[in-house]
Structure formats: C-alpha cells, structure tokens
Amino acid sequence: MSGQDAKALPASAADASYKPPQPPKPQKPPNPVWRMMGLPNFRLKLPSRNWTIFLTITGSWSAAVYYDRREKKRIQKKWTKVVEHIAQESLDTSQLARKLTIYISAPPADGIVTAREHFQEYVKPILVAAAMDWDAVEGRREGDVRAGLAERIRKVRKKKGEVSEEPIEEGMQELLEATRERSGIKEWQGTAGDIIIGRHTWKEYVRGLHEGWLGPLNSPRQPEIPAEVSAITTPATTPDTPLTPDQPSTPTAMDDASPTAIPEPPKPAEEPEKPKEEEAKPKKKKQPPPFNTTSDYSNSTPSPNCPPEFPPSAIIPLPHLLGFFNFPIRMYRFLNRRQVADDIGRQTAAAVLAAYRPFESPRESHSGISTMYDNESDASSSTGWEQQRLLKHEEAEWHKNVRERKGDDDRERVWLDGMVLDPRIAERMRRFELDMDGEERAKRAAAEKEDPWWRYVWPKKEEKKNAWEGLE
C-alpha cells in the first residue's frame, strides 16, 4: 500500500499544478483617432518575406547613399575651413583680386554639361569659400581648349611687341583693360594659376602651351590649289551660216497661244530675305588649325617673352565612364564620391593657397603627398615626365568610338596622340601641391567637433543689443 501511495503522489501533484487554458485576451479597441479618420487599427507585426527583402535592399542602399553624402559634405566643409581665412584678408582698392583660370572641356562622347556639373559640385564650393575670382575657358569639342590657350598666348606676345602680320583684335577684354589702366587699377602681381579638369583637357592644355610659346605668330599659309578652268568651245552660229543636220536648232519662245509654242522656262524662285535679327548675330568662330606640329618642337625657338616659370596648374580628375556593362563600376563610384571630394578638395585648396612645386623630370621624384589618382601601374612611368603620367588611367575609360582612329584620318588628334613635351617648356611648368602647413591646417579642421544635428532644427535666438552697443 505504501508503494501505491508513493506512486500516486506525483499524479496528485501534477493535477494540482495543472491550469486550464485561459481564454484569449480581448482585442484592443482601435484608437479613436484612427476610427475618426476612417483608418483601420494598425497592429505591430513582423513583415512578410517579400516585404523583408524589399525593405532590406532599399534600406541598405539608402543608408549607403546617405552615409556617402554626409561624409562628402563633411570633407568639403573641412577644405572650405582650410581656405576661408583668405576671404577675410583685406585688398587694396586700386588692385584687382587674384583670378584663377578654369579649363573645362566636354568629356569624350558626351556634352559640356557633365564637366560643368563636376566643377560646380567639387571645385566651386572651395573657390567660393575663399572668395576667389575665376575665368573659364570651355571647349565643346576636341581642340577647342588647345586653340583658345594658344590664341591667348599669341595675344600676349603681340602686346609685348612681337611683330605679326595679323593685328590684335580688340574685344571686350581689351576695352576693360584700357578702362582699368585709365582708372589706375593694377593687375594682380602675385601667383595666378590654372585649374584643368580631366585628362583630355590636360592634353589639350599642354599642347596649347607648346603651340603658343614655340609656334609662329602668323597662321601657316595653306598651299593654294590652282583652279582648273576647263574652257568649253562651242561653234558660234550666225544667221547667215546654215545649220548642219547634226547641230540642233535652238528653239525660240513664241508669243502666241498655239500648241506648237514652247513656253519659257520658269524663273527660279527668289530666296526669302533673311530677317535682320539673324544678320545681326555674330558668326561663330571656327576652330583654327594648329600653327605647328609636335615634330617642329626641336626646330623651334621659344619666344623671347617666354617667362621663366609658367603659372602653376592643378589637374582635377574627371571620372567619366559610359556603357551598360560598366554599371557595377558606376554604382561603386556613385557610393564613393567622398573619395573624389577629398582628392579634388586637396588640389583645389593647394591652388587657392598658392602652394606649388616643379613637375618631376625624368628619373626624378619629389617627396610629396600622393593622391588616389597618382599611382599608375605603367612600368615605364619613371622614365618620362610627370605631366605624361597624370590621369593616364582615364584614357582607358573613354568611349570606344573616341579611341578608334580611322584609316583615312591623318589630321592631328590631341586626345589620341601621345603627349609630346619639349624640355624647354616642360621644365618651366609648375604644379599646385599642398604643403605641410596646409596639411596641418586640414588636420585641425577635421578634428573640430561639429554641433549635433538637432541644434540645426531649432532657430537660434538673436540676443538683443542695447542701442549704444556696436557703435564704436
């Protein structure tokens, strides 16, 4: 009995711990606000499989884009702080401000708008922060930048007294210079500088320098093609000479309405007169051919007015990739614009601070700060000039239609031809590069703590000042 009682104890204990199932909790009444608006009662629940996939992809992409754009703004703000002290410097009222020259050209197989947007997105914010003035030289097709720079150099040579058959064409710039000279306003005497955007523009810039300082002032005369005039002799007929059977008679017009009358040929319709507005529009100048070739460099003599040092230049990368199969690379670049902003910000800040050095000659290197675009994998890069190696990787990304040369195309192609440098010109070129002082200033700007985001939500309260404050 004792064993049966012992076995029955667990059963009784289990019966004592058993609880009957409780009824489900009543559904929470809907929020009266939703009910008044006619909306259903929202419940918190896990999304379905399809919604989970959709939210994961869109959320990851949105987070990557937001992070990249935030870091890009932070990097650009760092470089604007490096140069913003220049905007506070005083300037003499009788002297013009420093002006940079921006060289922009349409990317291969694309329009000029892409290069303009690249300049406005990465370069312009830093120039505006430093209150810099700039002048732009744009090219819509291959060779425009080369022709524009060479023409500027030839105009400078003519103003300094070099003899030329072609006089200086007076334009708006010459009128402004004459007005400033009469007013006693002086030009900027310090370092100016150029900013070149893209490898294709850089090749035209170098070619224009050589053409301007090594080429002649007069345009080369093209060989005259003699006009071959073929004299067609026809036998003259007179009323006294009878016509031969082989010689047809010339029909004459008759004034009667008989069916044998031959009507007069209709007179050609007169062209409508062009409106005066079209006649008043100035005609676009055609791109002049180059005044010399790369093979003429060794036989040319530099201009006596050639300066010992050319204005320094900053070469800005222009990553521009087209094609459907390059879509993954374009996506990666779209999500890593902060790296491009950092590199372009450093070079633009160096141009604003006027920190520069000579270009590296063959078998010579300077201990400088390398950028993400300076490391070229070409084994022969150490044997040439530094100008030839800059942004060389961009040529492989150009569209195939631009990189192909037709068999019957014998004209000069600056984009496709190799960059030829004359040592007398190459050794006078300078490159903007940030010095140690600028790097330390950039580190201090990056170390500054930014205000939290919620401080920008509420407007700042302006402290009221007394009437006598601020009158000193």
# chains A, B, ... in the order shown; residues from 1 in each chain; ligands from 1
$ closest_atom_pairs --of "stretch 128-216 of chain A" --to "stretch 387-393 of chain A" --cutoff "12 Å" --atoms "only C-alpha atoms" --output "CSV"
residue,atom,partner,partner_atom,distance
A:Ile196,CA,A:Leu391,CA,11.4
A:Ile197,CA,A:Leu391,CA,10.2
A:Gly198,CA,A:Leu391,CA,7.6
A:Arg199,CA,A:Leu391,CA,5.6
A:His200,CA,A:Leu391,CA,9.2
A:Thr201,CA,A:Leu391,CA,10.7
A:Trp202,CA,A:Leu390,CA,8.7
A:Lys203,CA,A:Gln388,CA,8.6
A:Tyr205,CA,A:Gln387,CA,10.8
A:Val206,CA,A:Gln387,CA,8.5
A:Arg207,CA,A:Gln387,CA,11.5
$ write_last_selection --atoms "all heavy atoms" --output "JSON list (two decimals), in the first residue's frame"
[["chain", "number", "residue", "atom", "x", "y", "z"],
["A", 196, "ILE", "N", 42.77, 72.62, -64.38],
["A", 196, "ILE", "CA", 42.42, 71.84, -65.57],
["A", 196, "ILE", "C", 41.63, 70.62, -65.11],
["A", 196, "ILE", "O", 42.05, 69.91, -64.20],
["A", 196, "ILE", "CB", 43.67, 71.42, -66.37],
["A", 196, "ILE", "CG1", 44.46, 72.66, -66.80],
["A", 196, "ILE", "CG2", 43.28, 70.59, -67.56],
["A", 196, "ILE", "CD1", 45.60, 73.03, -65.91],
["A", 197, "ILE", "N", 40.50, 70.37, -65.74],
["A", 197, "ILE", "CA", 39.60, 69.29, -65.34],
["A", 197, "ILE", "C", 39.62, 68.20, -66.40],
["A", 197, "ILE", "O", 39.19, 68.42, -67.53],
["A", 197, "ILE", "CB", 38.17, 69.83, -65.13],
["A", 197, "ILE", "CG1", 38.17, 70.88, -64.03],
["A", 197, "ILE", "CG2", 37.21, 68.70, -64.80],
["A", 197, "ILE", "CD1", 36.82, 71.51, -63.78],
["A", 198, "GLY", "N", 40.16, 67.05, -66.03],
["A", 198, "GLY", "CA", 40.13, 65.90, -66.92],
["A", 198, "GLY", "C", 41.42, 65.70, -67.68],
["A", 198, "GLY", "O", 42.18, 66.64, -67.97],
["A", 199, "ARG", "N", 41.68, 64.44, -68.01],
["A", 199, "ARG", "CA", 42.88, 64.09, -68.78],
["A", 199, "ARG", "C", 42.82, 64.66, -70.18],
["A", 199, "ARG", "O", 43.82, 65.14, -70.71],
["A", 199, "ARG", "CB", 43.02, 62.56, -68.83],
["A", 199, "ARG", "CG", 44.03, 62.02, -69.83],
["A", 199, "ARG", "CD", 45.45, 62.19, -69.36],
["A", 199, "ARG", "NE", 46.39, 61.58, -70.30],
["A", 199, "ARG", "CZ", 47.71, 61.54, -70.12],
["A", 199, "ARG", "NH1", 48.23, 62.07, -69.03],
["A", 199, "ARG", "NH2", 48.50, 60.99, -71.00],
["A", 200, "HIS", "N", 41.66, 64.63, -70.83],
["A", 200, "HIS", "CA", 41.56, 65.12, -72.20],
["A", 200, "HIS", "C", 41.82, 66.63, -72.25],
["A", 200, "HIS", "O", 42.47, 67.11, -73.18],
["A", 200, "HIS", "CB", 40.18, 64.80, -72.76],
["A", 200, "HIS", "CG", 39.04, 65.40, -71.99],
["A", 200, "HIS", "ND1", 38.72, 65.01, -70.70],
["A", 200, "HIS", "CD2", 38.15, 66.37, -72.30],
["A", 200, "HIS", "CE1", 37.69, 65.72, -70.28],
["A", 200, "HIS", "NE2", 37.32, 66.55, -71.22],
["A", 201, "THR", "N", 41.36, 67.36, -71.24],
["A", 201, "THR", "CA", 41.64, 68.80, -71.19],
["A", 201, "THR", "C", 43.10, 69.06, -70.88],
["A", 201, "THR", "O", 43.69, 70.02, -71.39],
["A", 201, "THR", "CB", 40.75, 69.47, -70.14],
["A", 201, "THR", "OG1", 39.40, 69.03, -70.29],
["A", 201, "THR", "CG2", 40.79, 70.97, -70.25],
["A", 202, "TRP", "N", 43.69, 68.21, -70.06],
["A", 202, "TRP", "CA", 45.10, 68.37, -69.71],
["A", 202, "TRP", "C", 46.00, 68.18, -70.95],
["A", 202, "TRP", "O", 46.98, 68.92, -71.14],
["A", 202, "TRP", "CB", 45.47, 67.38, -68.61],
["A", 202, "TRP", "CG", 46.92, 67.28, -68.28],
["A", 202, "TRP", "CD1", 47.72, 66.19, -68.39],
["A", 202, "TRP", "CD2", 47.77, 68.32, -67.77],
["A", 202, "TRP", "NE1", 49.00, 66.46, -67.99],
["A", 202, "TRP", "CE2", 49.05, 67.78, -67.60],
["A", 202, "TRP", "CE3", 47.57, 69.65, -67.44],
["A", 202, "TRP", "CZ2", 50.12, 68.52, -67.12],
["A", 202, "TRP", "CZ3", 48.64, 70.40, -66.96],
["A", 202, "TRP", "CH2", 49.89, 69.83, -66.80],
["A", 203, "LYS", "N", 45.67, 67.24, -71.80],
["A", 203, "LYS", "CA", 46.47, 67.03, -73.01],
["A", 203, "LYS", "C", 46.35, 68.22, -73.95],
["A", 203, "LYS", "O", 47.33, 68.64, -74.57],
["A", 203, "LYS", "CB", 46.02, 65.74, -73.71],
["A", 203, "LYS", "CG", 46.26, 64.48, -72.89],
["A", 203, "LYS", "CD", 45.88, 63.23, -73.66],
["A", 203, "LYS", "CE", 46.91, 62.91, -74.70],
["A", 203, "LYS", "NZ", 46.66, 61.58, -75.33],
["A", 205, "TYR", "N", 45.72, 71.28, -72.94],
["A", 205, "TYR", "CA", 46.40, 72.38, -72.27],
["A", 205, "TYR", "C", 47.90, 72.35, -72.56],
["A", 205, "TYR", "O", 48.52, 73.37, -72.89],
["A", 205, "TYR", "CB", 46.12, 72.29, -70.77],
["A", 205, "TYR", "CG", 46.82, 73.32, -69.92],
["A", 205, "TYR", "CD1", 46.28, 74.58, -69.73],
["A", 205, "TYR", "CD2", 48.03, 73.03, -69.30],
["A", 205, "TYR", "CE1", 46.92, 75.53, -68.95],
["A", 205, "TYR", "CE2", 48.67, 73.97, -68.50],
["A", 205, "TYR", "CZ", 48.12, 75.21, -68.34],
["A", 205, "TYR", "OH", 48.76, 76.14, -67.55],
["A", 206, "VAL", "N", 48.50, 71.17, -72.45],
["A", 206, "VAL", "CA", 49.94, 71.05, -72.70],
["A", 206, "VAL", "C", 50.24, 71.34, -74.17],
["A", 206, "VAL", "O", 51.23, 72.01, -74.50],
["A", 206, "VAL", "CB", 50.41, 69.64, -72.30],
["A", 206, "VAL", "CG1", 51.87, 69.43, -72.68],
["A", 206, "VAL", "CG2", 50.24, 69.43, -70.79],
["A", 207, "ARG", "N", 49.38, 70.85, -75.06],
["A", 207, "ARG", "CA", 49.60, 71.11, -76.49],
["A", 207, "ARG", "C", 49.45, 72.60, -76.79],
["A", 207, "ARG", "O", 50.20, 73.16, -77.61],
["A", 207, "ARG", "CB", 48.59, 70.30, -77.30],
["A", 207, "ARG", "CG", 48.68, 70.51, -78.81],
["A", 207, "ARG", "CD", 49.95, 69.91, -79.37],
["A", 207, "ARG", "NE", 50.00, 70.07, -80.82],
["A", 207, "ARG", "CZ", 50.54, 71.10, -81.45],
["A", 207, "ARG", "NH1", 51.09, 72.09, -80.75],
["A", 207, "ARG", "NH2", 50.56, 71.15, -82.76]]
$ residues_around --residues "stretch 338-351 of chain A" --least-positions-apart "3" --cutoff "6 Å" --atoms "only C-alpha atoms" --output "PyMOL selection string"
chain A and resi 72+79+354-355+432-434
$ write_last_selection --atoms "all heavy atoms" --output "PDB file, in the first residue's frame"
ATOM      1  N   LYS A  72      30.781  63.229 -47.608  1.00  0.00           N
ATOM      2  CA  LYS A  72      31.230  64.157 -48.650  1.00  0.00           C
ATOM      3  C   LYS A  72      31.066  65.606 -48.201  1.00  0.00           C
ATOM      4  O   LYS A  72      31.971  66.442 -48.395  1.00  0.00           O
ATOM      5  CB  LYS A  72      30.443  63.894 -49.925  1.00  0.00           C
ATOM      6  CG  LYS A  72      30.661  64.898 -51.022  1.00  0.00           C
ATOM      7  CD  LYS A  72      29.661  64.690 -52.140  1.00  0.00           C
ATOM      8  CE  LYS A  72      29.592  65.904 -53.031  1.00  0.00           C
ATOM      9  NZ  LYS A  72      28.505  65.812 -54.027  1.00  0.00           N
ATOM     10  N   TRP A  79      37.733  71.256 -46.137  1.00  0.00           N
ATOM     11  CA  TRP A  79      38.595  72.006 -47.048  1.00  0.00           C
ATOM     12  C   TRP A  79      38.149  73.456 -47.186  1.00  0.00           C
ATOM     13  O   TRP A  79      38.987  74.327 -47.460  1.00  0.00           O
ATOM     14  CB  TRP A  79      38.622  71.325 -48.412  1.00  0.00           C
ATOM     15  CG  TRP A  79      39.311  69.997 -48.385  1.00  0.00           C
ATOM     16  CD1 TRP A  79      38.762  68.773 -48.612  1.00  0.00           C
ATOM     17  CD2 TRP A  79      40.700  69.754 -48.104  1.00  0.00           C
ATOM     18  NE1 TRP A  79      39.698  67.793 -48.496  1.00  0.00           N
ATOM     19  CE2 TRP A  79      40.903  68.369 -48.181  1.00  0.00           C
ATOM     20  CE3 TRP A  79      41.782  70.576 -47.786  1.00  0.00           C
ATOM     21  CZ2 TRP A  79      42.147  67.782 -47.962  1.00  0.00           C
ATOM     22  CZ3 TRP A  79      43.015  70.002 -47.554  1.00  0.00           C
ATOM     23  CH2 TRP A  79      43.192  68.620 -47.648  1.00  0.00           C
ATOM     24  N   ALA A 354      48.074  78.793 -53.129  1.00  0.00           N
ATOM     25  CA  ALA A 354      49.242  79.097 -53.980  1.00  0.00           C
ATOM     26  C   ALA A 354      50.481  78.358 -53.506  1.00  0.00           C
ATOM     27  O   ALA A 354      51.581  78.906 -53.451  1.00  0.00           O
ATOM     28  CB  ALA A 354      49.502  80.610 -54.025  1.00  0.00           C
ATOM     29  N   ALA A 355      50.305  77.071 -53.164  1.00  0.00           N
ATOM     30  CA  ALA A 355      51.442  76.220 -52.804  1.00  0.00           C
ATOM     31  C   ALA A 355      51.742  75.318 -53.993  1.00  0.00           C
ATOM     32  O   ALA A 355      50.880  74.542 -54.417  1.00  0.00           O
ATOM     33  CB  ALA A 355      51.115  75.379 -51.569  1.00  0.00           C
ATOM     34  N   PHE A 432      50.416  72.699 -58.567  1.00  0.00           N
ATOM     35  CA  PHE A 432      49.948  73.004 -57.215  1.00  0.00           C
ATOM     36  C   PHE A 432      49.973  71.734 -56.368  1.00  0.00           C
ATOM     37  O   PHE A 432      49.496  70.670 -56.784  1.00  0.00           O
ATOM     38  CB  PHE A 432      48.514  73.557 -57.255  1.00  0.00           C
ATOM     39  CG  PHE A 432      48.414  74.975 -57.712  1.00  0.00           C
ATOM     40  CD1 PHE A 432      47.724  75.303 -58.871  1.00  0.00           C
ATOM     41  CD2 PHE A 432      49.007  75.993 -56.981  1.00  0.00           C
ATOM     42  CE1 PHE A 432      47.621  76.612 -59.286  1.00  0.00           C
ATOM     43  CE2 PHE A 432      48.918  77.307 -57.401  1.00  0.00           C
ATOM     44  CZ  PHE A 432      48.221  77.622 -58.555  1.00  0.00           C
ATOM     45  N   GLU A 433      50.529  71.872 -55.163  1.00  0.00           N
ATOM     46  CA  GLU A 433      50.550  70.759 -54.216  1.00  0.00           C
ATOM     47  C   GLU A 433      50.539  71.330 -52.804  1.00  0.00           C
ATOM     48  O   GLU A 433      51.266  72.280 -52.498  1.00  0.00           O
ATOM     49  CB  GLU A 433      51.777  69.874 -54.422  1.00  0.00           C
ATOM     50  CG  GLU A 433      51.748  68.624 -53.575  1.00  0.00           C
ATOM     51  CD  GLU A 433      52.931  67.707 -53.869  1.00  0.00           C
ATOM     52  OE1 GLU A 433      54.064  68.224 -53.953  1.00  0.00           O
ATOM     53  OE2 GLU A 433      52.729  66.504 -54.023  1.00  0.00           O
ATOM     54  N   LEU A 434      49.707  70.758 -51.957  1.00  0.00           N
ATOM     55  CA  LEU A 434      49.547  71.264 -50.603  1.00  0.00           C
ATOM     56  C   LEU A 434      50.814  71.022 -49.796  1.00  0.00           C
ATOM     57  O   LEU A 434      51.374  69.917 -49.802  1.00  0.00           O
ATOM     58  CB  LEU A 434      48.356  70.575 -49.933  1.00  0.00           C
ATOM     59  CG  LEU A 434      47.659  71.344 -48.810  1.00  0.00           C
ATOM     60  CD1 LEU A 434      47.075  72.645 -49.331  1.00  0.00           C
ATOM     61  CD2 LEU A 434      46.560  70.493 -48.194  1.00  0.00           C
TER      62      LEU A 434
END
$ residues_around --residues "stretch 444-450 of chain A" --least-positions-apart "5" --cutoff "7 Å" --atoms "only C-alpha atoms" --output "ChimeraX atom specification"
/A:78,81-82
$ residues_around --residues "A:Arg431" --least-positions-apart "5" --cutoff "7 Å" --atoms "only C-alpha atoms" --output "list in words"
Pro312, Ser313, Ala314, Tyr356, Arg357, Pro358 and Phe359 of chain A
$ closest_atom_pairs --of "stretch 99-169 of chain A" --to "stretch 415-424 of chain A" --cutoff "9 Å" --atoms "only C-alpha atoms" --output "CSV"
residue,atom,partner,partner_atom,distance
A:Pro108,CA,A:Trp415,CA,8.9
A:Glu142,CA,A:Trp415,CA,7.4
A:Gly143,CA,A:Trp415,CA,8.6
